[in-house]
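Engineer: The structure that follows is given in the form of structure tokens.
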Amino acid sequence: MTTTPTTHLTDTQTQALLLKLTVLADDEIILAHRNGEWTGHAPILEEDIALANIAQDELGHAGLYLSLAQTLGGSDPDRVAFWRGPDDYLNTRLVELPKGDWAFTMVRQFLYDTFEALWLEAATRSTYAPLAEVAAKAVREEKFHVQHTALWVERLALGTPESERRTRAALTELWPHAAQLFQPVEGEADLTAAGILPDLNAVHARWTDLVTRHLVDKCGLTLPDAPTTQPGRDTHTHHLAPLLEEMQSVARQHPDAEVW
Amino acid sequence: MTQPQSPSSDTQWPRWEVFKQDAPNRPHQAVGSVHAGDPPHALLTARNVFVRRPAAVSLWCVREDDLLTATPEELTTNPALLDSPGETGTYHVGVKRTNKRSMTFVDLSGTVQASGSGDALRQAQVMHPDVLAWMVFPESAVVRTDEDPGTVESWFAPAKDKTYKQQQHYGVIGRHVGELKRAGLMPGRAASEEGA
């Protein structure tokens, strides 16, 4: 990996980076919506507030990615979020699955937060300064998210027989989808070689090590088998369409709204 | 009919008083409380609930059971509060001086060496005779955030960069109610309220 600052992107690099930023933002938007579904329903008021905070942070990260994409020639962030349908969204299935119970929500958030924190930490060393700046801003919040959700997974896994059963069930359902977070986008290898994007394989290795230490060594859980191949990010479960329909309903009813 | 709850049916987690420090040279202030299962949970939840926007550099949490509070009136009617037991050691003293900020119960004003909670309360009363209320708790009961740069960076730094949008930032959607009143477009009161 080179450490020379990248000041000029080729057209091919720009297209690949635009795609990568969209992929990253899509995961954040969909997960934020799923977390937002807990508002008013979390097990205790304090956690209701905490999860709403986390959801807002994730949405903020999506805003950072999409604003950067806009400077590279992408569309207005609101257009990207509210005017694309399920066929165009590129989020993982990990984040679009229904919110489930509290254990499901916390296990999913833990798997995602650890990925995002590690990816962002690596991205702070991007040779492309605008991306390094975005990563430096977002990684601070993400490290806190990891602490919050890691604590919850531990409490649930080591709590009552019922909470342990639910945590195991959540991990069994979610684990096969987590690997999709590490699928490179088209043209990503070139950006990684140029030091613009983090090495996804290295992030994957660190992620596996970190989540294994927490889930297995600390929480006494067993990692299920994961499928060796994953469908692409352009294939979705039937859960995404109704999510987008709800999330986008206000924007689509008021396409000319100037004040949000 | 509501039945009195037995103690075993109380599923609430313990309540923790949250103390927030806004800047290194400012006192810790009580800003409210959280329910949490254990000390790390209390701190993480306190951060999410109380450090979303305003600046902070440190958080403390103290279990409700470890706090002793009293108003002057309470001390008059129940002087036995000054005999409350507790371990010998350092106690934090907090005082409530004003009712203006309902969110803030007390500012921490320093520590005393005491033989128990009641002794600490007695010293607080002598040191700060003209306040609305006192609060004391032993140093050993305090759970604190780490002071290492990593914690400061991930727990407290993000909030400082965030702007808090005042209500008027969002403007008025539709027409202001005053405008509607002047135009005679606001519905009148219900008949039952007219003569009231």
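Convention: chains lettered A, B, ... in structure tokens order; per-chain residue numbering from 1; ligands numbered from 1 as shown.
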When the cut-off is 8 Å and we count only C-alpha atoms, which residues of chain B are near chain A, given as a list in words?
Structural biologist: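 Only these qualify: Val34, His35, His41, Leu44, Thr45, Asn48, Val49, Arg52, Glu153, Ser154, Trp155, Ala157, Pro158 and Tyr170 of chain B.
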Engineer: Of the residues A:Thr172, A:Gln230, A:Cys219, A:Leu72, which is the one nearest to Leu9 in chain A, using only C-alpha atoms?
Structural biologist: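 Among A:Thr172, A:Gln230, A:Cys219, A:Leu72, it is A:Leu72 that comes nearest to Leu9 in chain A.
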Engineer: Write out as a PyMOL selection string all residues of range 14-246 of chain A that DSSP puts in alpha helix (DSSP H) for this structure's backbone.
Structural biologist: chain A and resi 14-36+45-71+77-82+93-96+102-123+129-157+161-178+188-193+200-212+240-246
Engineer: Using backbone DSSP assignments, extract all strand (DSSP E) residues from range 35-196 of chain B; output them as a ChimeraX atom specification.
Structural biologist: /B:35,58-63,68-70,89-96,107-114,133-138,142-144
